[in-house]
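Shown next: start.pdb, containing PDB, C-alpha atoms, pLDDT in the B column.
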ATOM      1  CA  ILE A   3      10.119 -52.850  36.121  1.00 98.00           C
ATOM      2  CA  THR A   4       8.569 -53.982  32.846  1.00 98.00           C
ATOM      3  CA  GLY A   5       6.292 -51.692  30.891  1.00 97.00           C
ATOM      4  CA  ALA A   6       8.329 -48.908  32.479  1.00 98.00           C
ATOM      5  CA  GLY A   7       8.161 -46.412  29.624  1.00 97.00           C
ATOM      6  CA  LYS A   8       4.604 -45.243  30.214  1.00 96.00           C
ATOM      7  CA  GLY A   9       1.632 -45.338  32.522  1.00 97.00           C
ATOM      8  CA  ILE A  10       1.712 -47.375  35.705  1.00 98.00           C
ATOM      9  CA  GLY A  11       5.231 -48.753  35.233  1.00 98.00           C
ATOM     10  CA  ARG A  12       6.750 -45.321  34.768  1.00 98.00           C
ATOM     11  CA  ALA A  13       4.785 -43.979  37.737  1.00 98.00           C
ATOM     12  CA  ILE A  14       6.099 -46.806  39.931  1.00 98.00           C
ATOM     13  CA  ALA A  15       9.667 -45.952  38.926  1.00 98.00           C
ATOM     14  CA  ARG A  16       9.077 -42.313  39.848  1.00 98.00           C
ATOM     15  CA  GLU A  17       7.530 -43.290  43.176  1.00 98.00           C
ATOM     16  CA  PHE A  18      10.509 -45.443  44.134  1.00 98.00           C
ATOM     17  CA  CYS A  19      12.773 -42.507  43.266  1.00 98.00           C
ATOM     18  CA  ALA A  20      10.687 -40.097  45.317  1.00 97.00           C
ATOM     19  CA  ARG A  21      10.911 -42.423  48.326  1.00 98.00           C
ATOM     20  CA  ALA A  22      14.686 -42.631  47.851  1.00 98.00           C
ATOM     21  CA  GLN A  23      14.954 -38.855  47.738  1.00 96.00           C
ATOM     22  CA  ALA A  24      12.868 -38.523  50.913  1.00 97.00           C
ATOM     23  CA  SER A  25      14.859 -41.174  52.781  1.00 97.00           C
ATOM     24  CA  GLY A  26      17.977 -39.079  53.246  1.00 94.00           C
ATOM     25  CA  GLY A  27      20.180 -41.800  51.788  1.00 94.00           C
ATOM     26  CA  LYS A  28      18.685 -44.715  53.717  1.00 96.00           C
ATOM     27  CA  PHE A  29      16.982 -46.146  50.624  1.00 97.00           C
ATOM     28  CA  GLN A  30      19.118 -46.320  47.488  1.00 96.00           C
ATOM     29  CA  PRO A  31      17.380 -48.371  44.799  1.00 97.00           C
ATOM     30  CA  LYS A  32      18.963 -49.457  41.549  1.00 97.00           C
ATOM     31  CA  LEU A  33      16.295 -49.472  38.866  1.00 98.00           C
ATOM     32  CA  TYR A  34      16.210 -51.519  35.684  1.00 98.00           C
ATOM     33  CA  LEU A  35      13.541 -50.256  33.310  1.00 98.00           C
ATOM     34  CA  VAL A  36      12.259 -52.361  30.426  1.00 98.00           C
ATOM     35  CA  SER A  37       9.907 -51.358  27.627  1.00 98.00           C
ATOM     36  CA  ARG A  38       9.422 -51.629  23.862  1.00 96.00           C
ATOM     37  CA  THR A  39      10.172 -47.986  23.078  1.00 97.00           C
ATOM     38  CA  LEU A  40      13.605 -46.428  23.580  1.00 98.00           C
ATOM     39  CA  SER A  41      12.385 -42.815  23.641  1.00 98.00           C
ATOM     40  CA  ASP A  42       9.924 -43.609  26.439  1.00 98.00           C
ATOM     41  CA  LEU A  43      12.629 -45.327  28.457  1.00 98.00           C
ATOM     42  CA  GLU A  44      15.042 -42.458  27.989  1.00 98.00           C
ATOM     43  CA  MET A  45      12.483 -39.991  29.324  1.00 98.00           C
ATOM     44  CA  ALA A  46      11.708 -42.258  32.277  1.00 98.00           C
ATOM     45  CA  ALA A  47      15.407 -42.585  33.078  1.00 98.00           C
ATOM     46  CA  GLU A  48      15.804 -38.796  32.978  1.00 97.00           C
ATOM     47  CA  GLU A  49      12.960 -38.434  35.486  1.00 97.00           C
ATOM     48  CA  CYS A  50      14.709 -40.890  37.771  1.00 98.00           C
ATOM     49  CA  LYS A  51      18.018 -39.071  37.397  1.00 97.00           C
ATOM     50  CA  ALA A  52      16.345 -35.770  38.317  1.00 96.00           C
ATOM     51  CA  LEU A  53      15.280 -37.421  41.583  1.00 96.00           C
ATOM     52  CA  GLY A  54      18.802 -38.660  42.270  1.00 96.00           C
ATOM     53  CA  VAL A  55      18.397 -42.286  41.179  1.00 97.00           C
ATOM     54  CA  GLU A  56      20.275 -43.932  38.326  1.00 91.00           C
ATOM     55  CA  ALA A  57      18.118 -46.138  36.150  1.00 97.00           C
ATOM     56  CA  ARG A  58      19.432 -48.600  33.587  1.00 98.00           C
ATOM     57  CA  ILE A  59      17.211 -49.172  30.562  1.00 98.00           C
ATOM     58  CA  GLN A  60      16.648 -51.986  28.086  1.00 98.00           C
ATOM     59  CA  VAL A  61      14.444 -52.156  25.026  1.00 98.00           C
ATOM     60  CA  ALA A  62      12.760 -55.546  24.682  1.00 98.00           C
ATOM     61  CA  GLU A  63       9.813 -57.294  23.077  1.00 97.00           C
ATOM     62  CA  LEU A  64       8.697 -59.573  25.900  1.00 97.00           C
ATOM     63  CA  SER A  65       6.405 -61.678  23.747  1.00 97.00           C
ATOM     64  CA  ARG A  66       9.610 -63.350  22.470  1.00 97.00           C
ATOM     65  CA  VAL A  67      11.194 -65.860  24.828  1.00 97.00           C
ATOM     66  CA  SER A  68      14.668 -65.020  23.505  1.00 97.00           C
ATOM     67  CA  GLU A  69      14.111 -61.398  24.524  1.00 97.00           C
ATOM     68  CA  VAL A  70      12.922 -62.482  27.973  1.00 97.00           C
ATOM     69  CA  ALA A  71      16.151 -64.417  28.483  1.00 97.00           C
ATOM     70  CA  ARG A  72      18.203 -61.448  27.292  1.00 97.00           C
ATOM     71  CA  VAL A  73      16.474 -59.088  29.724  1.00 98.00           C
ATOM     72  CA  HIS A  74      17.125 -61.383  32.661  1.00 97.00           C
ATOM     73  CA  GLU A  75      20.736 -62.098  31.767  1.00 97.00           C
ATOM     74  CA  THR A  76      21.568 -58.440  31.114  1.00 97.00           C
ATOM     75  CA  CYS A  77      19.945 -57.304  34.355  1.00 97.00           C
ATOM     76  CA  LEU A  78      21.892 -59.888  36.370  1.00 97.00           C
ATOM     77  CA  LYS A  79      25.124 -58.857  34.680  1.00 97.00           C
ATOM     78  CA  LYS A  80      24.640 -55.127  35.236  1.00 96.00           C
ATOM     79  CA  LEU A  81      22.957 -55.002  38.645  1.00 96.00           C
ATOM     80  CA  GLY A  82      23.071 -58.457  40.196  1.00 95.00           C
ATOM     81  CA  PRO A  83      20.122 -60.463  41.563  1.00 95.00           C
ATOM     82  CA  VAL A  84      16.671 -58.891  41.458  1.00 97.00           C
ATOM     83  CA  ASP A  85      15.271 -57.984  44.893  1.00 97.00           C
ATOM     84  CA  CYS A  86      11.957 -56.615  43.623  1.00 98.00           C
ATOM     85  CA  PHE A  87      10.289 -57.405  40.298  1.00 98.00           C
ATOM     86  CA  ILE A  88       7.395 -55.309  38.999  1.00 98.00           C
ATOM     87  CA  ASN A  89       5.766 -57.476  36.319  1.00 98.00           C
ATOM     88  CA  ASN A  90       3.730 -54.744  34.698  1.00 98.00           C
ATOM     89  CA  ALA A  91       4.077 -55.015  30.913  1.00 97.00           C
ATOM     90  CA  GLY A  92       0.735 -55.575  29.249  1.00 96.00           C
ATOM     91  CA  VAL A  93      -1.221 -54.961  26.077  1.00 96.00           C
ATOM     92  CA  GLY A  94      -4.849 -55.190  25.068  1.00 95.00           C
ATOM     93  CA  ARG A  95      -7.117 -55.466  22.059  1.00 95.00           C
ATOM     94  CA  PHE A  96     -10.771 -54.722  22.665  1.00 96.00           C
ATOM     95  CA  GLY A  97     -13.964 -55.181  20.696  1.00 96.00           C
ATOM     96  CA  ASP A  98     -16.887 -57.448  19.940  1.00 98.00           C
ATOM     97  CA  PHE A  99     -16.098 -61.037  20.964  1.00 98.00           C
ATOM     98  CA  LEU A 100     -17.325 -62.369  17.601  1.00 98.00           C
ATOM     99  CA  GLU A 101     -15.018 -60.048  15.680  1.00 98.00           C
ATOM    100  CA  MET A 102     -11.720 -60.710  17.467  1.00 98.00           C
ATOM    101  CA  THR A 103      -9.027 -62.183  15.211  1.00 98.00           C
ATOM    102  CA  GLU A 104      -6.129 -64.571  15.568  1.00 98.00           C
ATOM    103  CA  GLU A 105      -3.780 -61.596  15.294  1.00 98.00           C
ATOM    104  CA  ASP A 106      -5.603 -59.878  18.176  1.00 98.00           C
ATOM    105  CA  PHE A 107      -5.259 -63.070  20.197  1.00 98.00           C
ATOM    106  CA  ASP A 108      -1.549 -63.573  19.484  1.00 97.00           C
ATOM    107  CA  HIS A 109      -0.745 -59.924  20.155  1.00 97.00           C
ATOM    108  CA  THR A 110      -2.393 -59.953  23.577  1.00 97.00           C
ATOM    109  CA  VAL A 111      -1.475 -63.427  24.756  1.00 98.00           C
ATOM    110  CA  GLY A 112       2.138 -63.095  23.597  1.00 97.00           C
ATOM    111  CA  THR A 113       2.901 -60.377  26.119  1.00 97.00           C
ATOM    112  CA  ASN A 114       0.249 -60.913  28.787  1.00 98.00           C
ATOM    113  CA  LEU A 115       0.771 -64.661  29.163  1.00 98.00           C
ATOM    114  CA  LYS A 116       3.875 -65.876  27.329  1.00 98.00           C
ATOM    115  CA  GLY A 117       6.225 -63.057  28.319  1.00 97.00           C
ATOM    116  CA  PHE A 118       4.587 -62.785  31.750  1.00 98.00           C
ATOM    117  CA  PHE A 119       5.122 -66.517  32.403  1.00 98.00           C
ATOM    118  CA  PHE A 120       8.708 -66.883  31.262  1.00 98.00           C
ATOM    119  CA  LEU A 121      10.115 -63.727  32.853  1.00 98.00           C
ATOM    120  CA  THR A 122       8.415 -64.643  36.129  1.00 98.00           C
ATOM    121  CA  GLN A 123       9.915 -68.130  35.851  1.00 98.00           C
ATOM    122  CA  LYS A 124      13.442 -66.783  35.426  1.00 98.00           C
ATOM    123  CA  ILE A 125      13.296 -64.181  38.186  1.00 98.00           C
ATOM    124  CA  PHE A 126      11.512 -66.413  40.673  1.00 98.00           C
ATOM    125  CA  SER A 127      14.169 -69.108  40.219  1.00 98.00           C
ATOM    126  CA  THR A 128      16.855 -66.748  41.564  1.00 97.00           C
ATOM    127  CA  MET A 129      14.645 -65.484  44.396  1.00 98.00           C
ATOM    128  CA  GLN A 130      13.789 -69.055  45.376  1.00 98.00           C
ATOM    129  CA  ALA A 131      17.478 -69.934  45.544  1.00 98.00           C
ATOM    130  CA  ARG A 132      18.264 -66.861  47.666  1.00 98.00           C
ATOM    131  CA  LYS A 133      15.109 -67.237  49.802  1.00 98.00           C
ATOM    132  CA  SER A 134      14.436 -63.546  49.423  1.00 98.00           C
ATOM    133  CA  GLY A 135      12.567 -61.129  47.162  1.00 98.00           C
ATOM    134  CA  HIS A 136       9.271 -59.476  46.327  1.00 98.00           C
ATOM    135  CA  LEU A 137       7.242 -60.146  43.181  1.00 98.00           C
ATOM    136  CA  PHE A 138       4.608 -57.626  42.132  1.00 98.00           C
ATOM    137  CA  PHE A 139       2.126 -58.522  39.421  1.00 98.00           C
ATOM    138  CA  ILE A 140       0.122 -55.662  37.960  1.00 98.00           C
ATOM    139  CA  THR A 141      -2.952 -57.402  36.572  1.00 98.00           C
ATOM    140  CA  SER A 142      -6.426 -55.828  36.453  1.00 98.00           C
ATOM    141  CA  VAL A 143      -9.934 -56.088  37.833  1.00 98.00           C
ATOM    142  CA  ALA A 144     -10.425 -57.905  34.506  1.00 98.00           C
ATOM    143  CA  ALA A 145      -8.720 -60.826  36.284  1.00 98.00           C
ATOM    144  CA  ILE A 146     -11.697 -61.192  38.608  1.00 98.00           C
ATOM    145  CA  ARG A 147     -14.710 -59.976  36.618  1.00 97.00           C
ATOM    146  CA  PRO A 148     -15.754 -60.036  32.948  1.00 97.00           C
ATOM    147  CA  PHE A 149     -16.090 -57.074  30.607  1.00 97.00           C
ATOM    148  CA  ASP A 150     -18.075 -57.699  27.430  1.00 97.00           C
ATOM    149  CA  HIS A 151     -15.652 -56.018  25.028  1.00 96.00           C
ATOM    150  CA  SER A 152     -12.521 -57.410  26.693  1.00 97.00           C
ATOM    151  CA  SER A 153     -12.736 -61.112  25.838  1.00 98.00           C
ATOM    152  CA  ILE A 154      -9.074 -61.748  25.016  1.00 98.00           C
ATOM    153  CA  TYR A 155      -7.850 -59.281  27.622  1.00 98.00           C
ATOM    154  CA  CYS A 156      -9.965 -60.979  30.321  1.00 98.00           C
ATOM    155  CA  LEU A 157      -8.692 -64.379  29.190  1.00 98.00           C
ATOM    156  CA  SER A 158      -5.105 -63.182  29.595  1.00 98.00           C
ATOM    157  CA  LYS A 159      -5.727 -61.567  32.967  1.00 98.00           C
ATOM    158  CA  PHE A 160      -7.589 -64.564  34.393  1.00 98.00           C
ATOM    159  CA  GLY A 161      -4.614 -66.622  33.178  1.00 98.00           C
ATOM    160  CA  GLN A 162      -2.180 -64.321  34.940  1.00 98.00           C
ATOM    161  CA  LYS A 163      -4.110 -64.722  38.164  1.00 98.00           C
ATOM    162  CA  GLY A 164      -3.855 -68.502  37.848  1.00 98.00           C
ATOM    163  CA  LEU A 165      -0.076 -68.365  37.511  1.00 98.00           C
ATOM    164  CA  ILE A 166       0.178 -65.932  40.417  1.00 98.00           C
ATOM    165  CA  GLU A 167      -1.633 -68.373  42.695  1.00 98.00           C
ATOM    166  CA  VAL A 168       0.818 -71.140  41.749  1.00 98.00           C
ATOM    167  CA  VAL A 169       3.848 -68.880  42.266  1.00 98.00           C
ATOM    168  CA  ARG A 170       2.438 -67.669  45.573  1.00 98.00           C
ATOM    169  CA  SER A 171       2.115 -71.253  46.802  1.00 98.00           C
ATOM    170  CA  LEU A 172       5.763 -71.872  45.932  1.00 98.00           C
ATOM    171  CA  ALA A 173       6.911 -68.509  47.269  1.00 98.00           C
ATOM    172  CA  ARG A 174       5.478 -69.094  50.741  1.00 98.00           C
ATOM    173  CA  ARG A 175       7.941 -71.951  51.148  1.00 98.00           C
ATOM    174  CA  CYS A 176      11.012 -69.844  50.375  1.00 98.00           C
ATOM    175  CA  ASN A 177      10.382 -66.477  52.036  1.00 98.00           C
ATOM    176  CA  VAL A 178       9.467 -64.648  48.811  1.00 98.00           C
ATOM    177  CA  ARG A 179       6.629 -62.133  48.929  1.00 98.00           C
ATOM    178  CA  VAL A 180       4.008 -62.069  46.158  1.00 98.00           C
ATOM    179  CA  THR A 181       1.646 -59.128  45.653  1.00 98.00           C
ATOM    180  CA  GLN A 182      -1.030 -58.989  42.975  1.00 98.00           C
ATOM    181  CA  VAL A 183      -2.256 -55.480  42.152  1.00 98.00           C
ATOM    182  CA  LEU A 184      -5.651 -55.324  40.429  1.00 98.00           C
ATOM    183  CA  PRO A 185      -6.376 -51.796  39.198  1.00 98.00           C
ATOM    184  CA  GLY A 186      -9.667 -50.620  37.825  1.00 97.00           C
ATOM    185  CA  ALA A 187      -9.777 -47.889  35.195  1.00 96.00           C
ATOM    186  CA  VAL A 188      -6.481 -45.967  35.091  1.00 97.00           C
ATOM    187  CA  LEU A 189      -5.839 -43.181  32.599  1.00 95.00           C
ATOM    188  CA  THR A 190      -3.035 -44.737  30.530  1.00 93.00           C
ATOM    189  CA  PRO A 191      -2.293 -44.886  26.778  1.00 87.00           C
ATOM    190  CA  MET A 192      -4.005 -48.302  26.558  1.00 86.00           C
ATOM    191  CA  TRP A 193      -7.388 -46.541  26.777  1.00 88.00           C
ATOM    192  CA  GLY A 194      -6.764 -44.478  23.646  1.00 84.00           C
ATOM    193  CA  ASP A 195      -9.050 -41.482  23.215  1.00 84.00           C
ATOM    194  CA  THR A 196     -11.244 -40.750  26.220  1.00 88.00           C
ATOM    195  CA  THR A 197     -13.835 -38.079  26.867  1.00 91.00           C
ATOM    196  CA  PRO A 198     -13.293 -35.378  29.500  1.00 92.00           C
ATOM    197  CA  GLU A 199     -16.172 -36.882  31.475  1.00 89.00           C
ATOM    198  CA  MET A 200     -14.509 -40.312  31.529  1.00 90.00           C
ATOM    199  CA  ARG A 201     -11.118 -38.867  32.485  1.00 91.00           C
ATOM    200  CA  LYS A 202     -12.691 -37.273  35.539  1.00 92.00           C
ATOM    201  CA  LEU A 203     -13.816 -40.699  36.739  1.00 92.00           C
ATOM    202  CA  MET A 204     -10.565 -42.550  36.099  1.00 96.00           C
ATOM    203  CA  MET A 205      -7.610 -43.044  38.404  1.00 97.00           C
ATOM    204  CA  GLN A 206      -4.108 -41.809  37.615  1.00 97.00           C
ATOM    205  CA  PRO A 207      -1.013 -44.032  37.358  1.00 98.00           C
ATOM    206  CA  GLU A 208       0.378 -42.334  40.463  1.00 98.00           C
ATOM    207  CA  ASP A 209      -2.543 -43.688  42.487  1.00 98.00           C
ATOM    208  CA  ILE A 210      -1.475 -47.241  41.737  1.00 98.00           C
ATOM    209  CA  ALA A 211       2.229 -46.511  42.183  1.00 98.00           C
ATOM    210  CA  GLN A 212       1.704 -45.251  45.713  1.00 98.00           C
ATOM    211  CA  GLY A 213      -0.030 -48.460  46.751  1.00 98.00           C
ATOM    212  CA  VAL A 214       2.690 -50.625  45.175  1.00 98.00           C
ATOM    213  CA  VAL A 215       5.557 -48.865  46.908  1.00 98.00           C
ATOM    214  CA  ASP A 216       3.677 -48.768  50.222  1.00 98.00           C
ATOM    215  CA  ALA A 217       3.312 -52.563  49.970  1.00 98.00           C
ATOM    216  CA  TYR A 218       7.019 -52.930  49.266  1.00 98.00           C
ATOM    217  CA  PHE A 219       7.905 -51.031  52.430  1.00 98.00           C
ATOM    218  CA  LEU A 220       5.778 -53.134  54.750  1.00 98.00           C
ATOM    219  CA  PRO A 221       7.809 -55.117  57.300  1.00 97.00           C
ATOM    220  CA  GLU A 222       9.504 -58.082  55.644  1.00 94.00           C
ATOM    221  CA  ARG A 223       7.581 -60.491  57.880  1.00 96.00           C
ATOM    222  CA  THR A 224       4.354 -59.361  56.188  1.00 98.00           C
ATOM    223  CA  CYS A 225       2.938 -59.553  52.681  1.00 98.00           C
ATOM    224  CA  LEU A 226       0.079 -57.620  51.136  1.00 98.00           C
ATOM    225  CA  GLU A 227      -1.197 -60.376  48.860  1.00 98.00           C
ATOM    226  CA  ASP A 228      -3.918 -58.715  46.791  1.00 98.00           C
ATOM    227  CA  LEU A 229      -4.510 -55.021  46.288  1.00 98.00           C
ATOM    228  CA  VAL A 230      -7.699 -54.081  44.427  1.00 98.00           C
ATOM    229  CA  ILE A 231      -7.841 -50.371  43.568  1.00 98.00           C
ATOM    230  CA  ARG A 232     -10.886 -48.908  41.807  1.00 98.00           C
ATOM    231  CA  PRO A 233     -12.158 -45.432  41.037  1.00 97.00           C
ATOM    232  CA  ILE A 234     -14.476 -44.297  43.801  1.00 96.00           C
ATOM    233  CA  ALA A 235     -17.460 -44.634  41.425  1.00 93.00           C
ATOM    234  CA  GLY A 236     -16.538 -48.251  40.609  1.00 95.00           C
ATOM    235  CA  ASP A 237     -15.696 -49.907  37.308  1.00 95.00           C
ATOM    236  CA  ILE A 238     -16.143 -48.074  34.029  1.00 88.00           C
TER     237      ILE A 238
END
As structure tokens, what does this structure read like?
Amino acid sequence: ITGAGKGIGRAIAREFCARAQASGGKFQPKLYLVSRTLSDLEMAAEECKALGVEARIQVAELSRVSEVARVHETCLKKLGPVDCFINNAGVGRFGDFLEMTEEDFDHTVGTNLKGFFFLTQKIFSTMQARKSGHLFFITSVAAIRPFDHSSIYCLSKFGQKGLIEVVRSLARRCNVRVTQVLPGAVLTPMWGDTTPEMRKLMMQPEDIAQGVVDAYFLPERTCLEDLVIRPIAGDI
């Protein structure tokens, strides 16, 4: 699980652990949590441990291809082939289109497209060879509709959706499931300061995590391809 230290990624880790705890030993996941911040990962791993699941952690900057390779190689060495990949890491810079800078662009595209592409490439290659696995891509409703102050973010999310469609075409030929999850407004650190009124309208990370893990547990002959989850009042 990338972006596992906070928000949706951390909630997905907790949800997998909760399902393991409720299974009476029938489901015993091995989690590998990746994020930029060690303290966040340590707290996430402690939450998993409290639910009876051991989670390995790795600090990485996924905008660097060398770090992507290190994550994949270390995960394979410690836990073996990846059965389920939650490609969740993402960043955003928001503001007036005419005021966005090259640094804003590089910051967003480095993680949301470069890291996203190359880690997917590495993990899919092993799933393709084994003819087994499930890829989850946590994108956004910004992959299917524009938001005026999200020019670079929308660019990156539309780009993610394009890659997902290519990977899905390949995955259908080798028994690998591909699920794109497109959340609307979720109360995560990416939003920064929010008003109490806005927080009432927004979803929680746990709302998304439940849908992801439900999709994972569908019969292996089936695949939930696209899961759009919005607040009941629509986009914010």
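Distances here use only C-alpha atoms; by that measure, the residue among A:Val36, A:Ile231, A:Leu189, A:Cys176 closest to Leu121 in chain A is A:Val36.
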Which polymer residues have any atom within 7 Å of an atom of Thr141 in chain A, counting all atoms listed in the file, with same-chain residues fewer than 5 positions away left out, as a ChimeraX atom specification? /A:159,182-184
Write out, as a short mmCIF file (atom, residue, chain, number, x, y, z; two decimals), in the coordinates of the input, the residues just selected, with C-alpha atoms.
data_model
loop_
_atom_site.label_atom_id
_atom_site.label_comp_id
_atom_site.auth_asym_id
_atom_site.auth_seq_id
_atom_site.Cartn_x
_atom_site.Cartn_y
_atom_site.Cartn_z
CA LYS A 159 -5.73 -61.57 32.97
CA GLN A 182 -1.03 -58.99 42.98
CA VAL A 183 -2.26 -55.48 42.15
CA LEU A 184 -5.65 -55.32 40.43
#
Once 8 Å is added on each side, what centre and edge lengths in Å to one decimal does the axis-aligned box around all listed atoms of range 126-134 of chain A have, as lines of an AutoDock Vina configuration file?
center_x = 14.9
center_y = -66.7
center_z = 45.0
size_x = 22.8
size_y = 22.4
size_z = 25.6
Selection near Asn177 in chain A, 9 Å with only C-alpha atoms, sequence-local residues under 6 positions removed, as a list in words: Met129, Gln130, Lys133, Ser134, Gly135 and Arg223 of chain A
Which residues fall under the PyMOL selection byres ((chain A and resi 53) around 7) in this file, as a PyMOL selection string? chain A and resi 19-20+23+49-52+54-55
For Leu35 in chain A, work out the shell of residues within 10 Å, counting only C-alpha atoms and skipping chain neighbours fewer than 2 positions away, then give it as an mmCIF file with C-alpha atoms, in the frame of the given file.
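Saved file result10.cif follows:
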data_model
loop_
_atom_site.group_PDB
_atom_site.id
_atom_site.type_symbol
_atom_site.label_atom_id
_atom_site.label_comp_id
_atom_site.auth_asym_id
_atom_site.auth_seq_id
_atom_site.Cartn_x
_atom_site.Cartn_y
_atom_site.Cartn_z
ATOM 1 C CA ILE A 3 10.119 -52.850 36.121
ATOM 2 C CA THR A 4 8.569 -53.982 32.846
ATOM 3 C CA GLY A 5 6.292 -51.692 30.891
ATOM 4 C CA ALA A 6 8.329 -48.908 32.479
ATOM 5 C CA GLY A 7 8.161 -46.412 29.624
ATOM 6 C CA GLY A 11 5.231 -48.753 35.233
ATOM 7 C CA ARG A 12 6.750 -45.321 34.768
ATOM 8 C CA ALA A 15 9.667 -45.952 38.926
ATOM 9 C CA LYS A 32 18.963 -49.457 41.549
ATOM 10 C CA LEU A 33 16.295 -49.472 38.866
ATOM 11 C CA SER A 37 9.907 -51.358 27.627
ATOM 12 C CA LEU A 43 12.629 -45.327 28.457
ATOM 13 C CA GLU A 44 15.042 -42.458 27.989
ATOM 14 C CA ALA A 46 11.708 -42.258 32.277
ATOM 15 C CA ALA A 47 15.407 -42.585 33.078
ATOM 16 C CA ALA A 57 18.118 -46.138 36.150
ATOM 17 C CA ARG A 58 19.432 -48.600 33.587
ATOM 18 C CA ILE A 59 17.211 -49.172 30.562
ATOM 19 C CA GLN A 60 16.648 -51.986 28.086
ATOM 20 C CA VAL A 61 14.444 -52.156 25.026
ATOM 21 C CA VAL A 73 16.474 -59.088 29.724
ATOM 22 C CA CYS A 77 19.945 -57.304 34.355
ATOM 23 C CA ILE A 88 7.395 -55.309 38.999
#
Which residue gives the smallest distance to Ser152 in chain A among A:Thr122, A:Thr110, A:Thr196, A:Asn90, with all atoms listed in the file counted?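 Of all the options, A:Thr110 lies closest to Ser152 in chain A.
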With only C-alpha atoms as the atoms that count, which of A:Lys124, A:Arg201, A:Arg21, A:Arg132 lies nearest to Ile238 in chain A?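 For Ile238 in chain A, the nearest of the given residues is A:Arg201.
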Near Val180 in chain A, within 9 Å and counting all atoms listed in the file, which residues show up once chain neighbours fewer than 6 positions away are dropped, as a count of residues only? 14
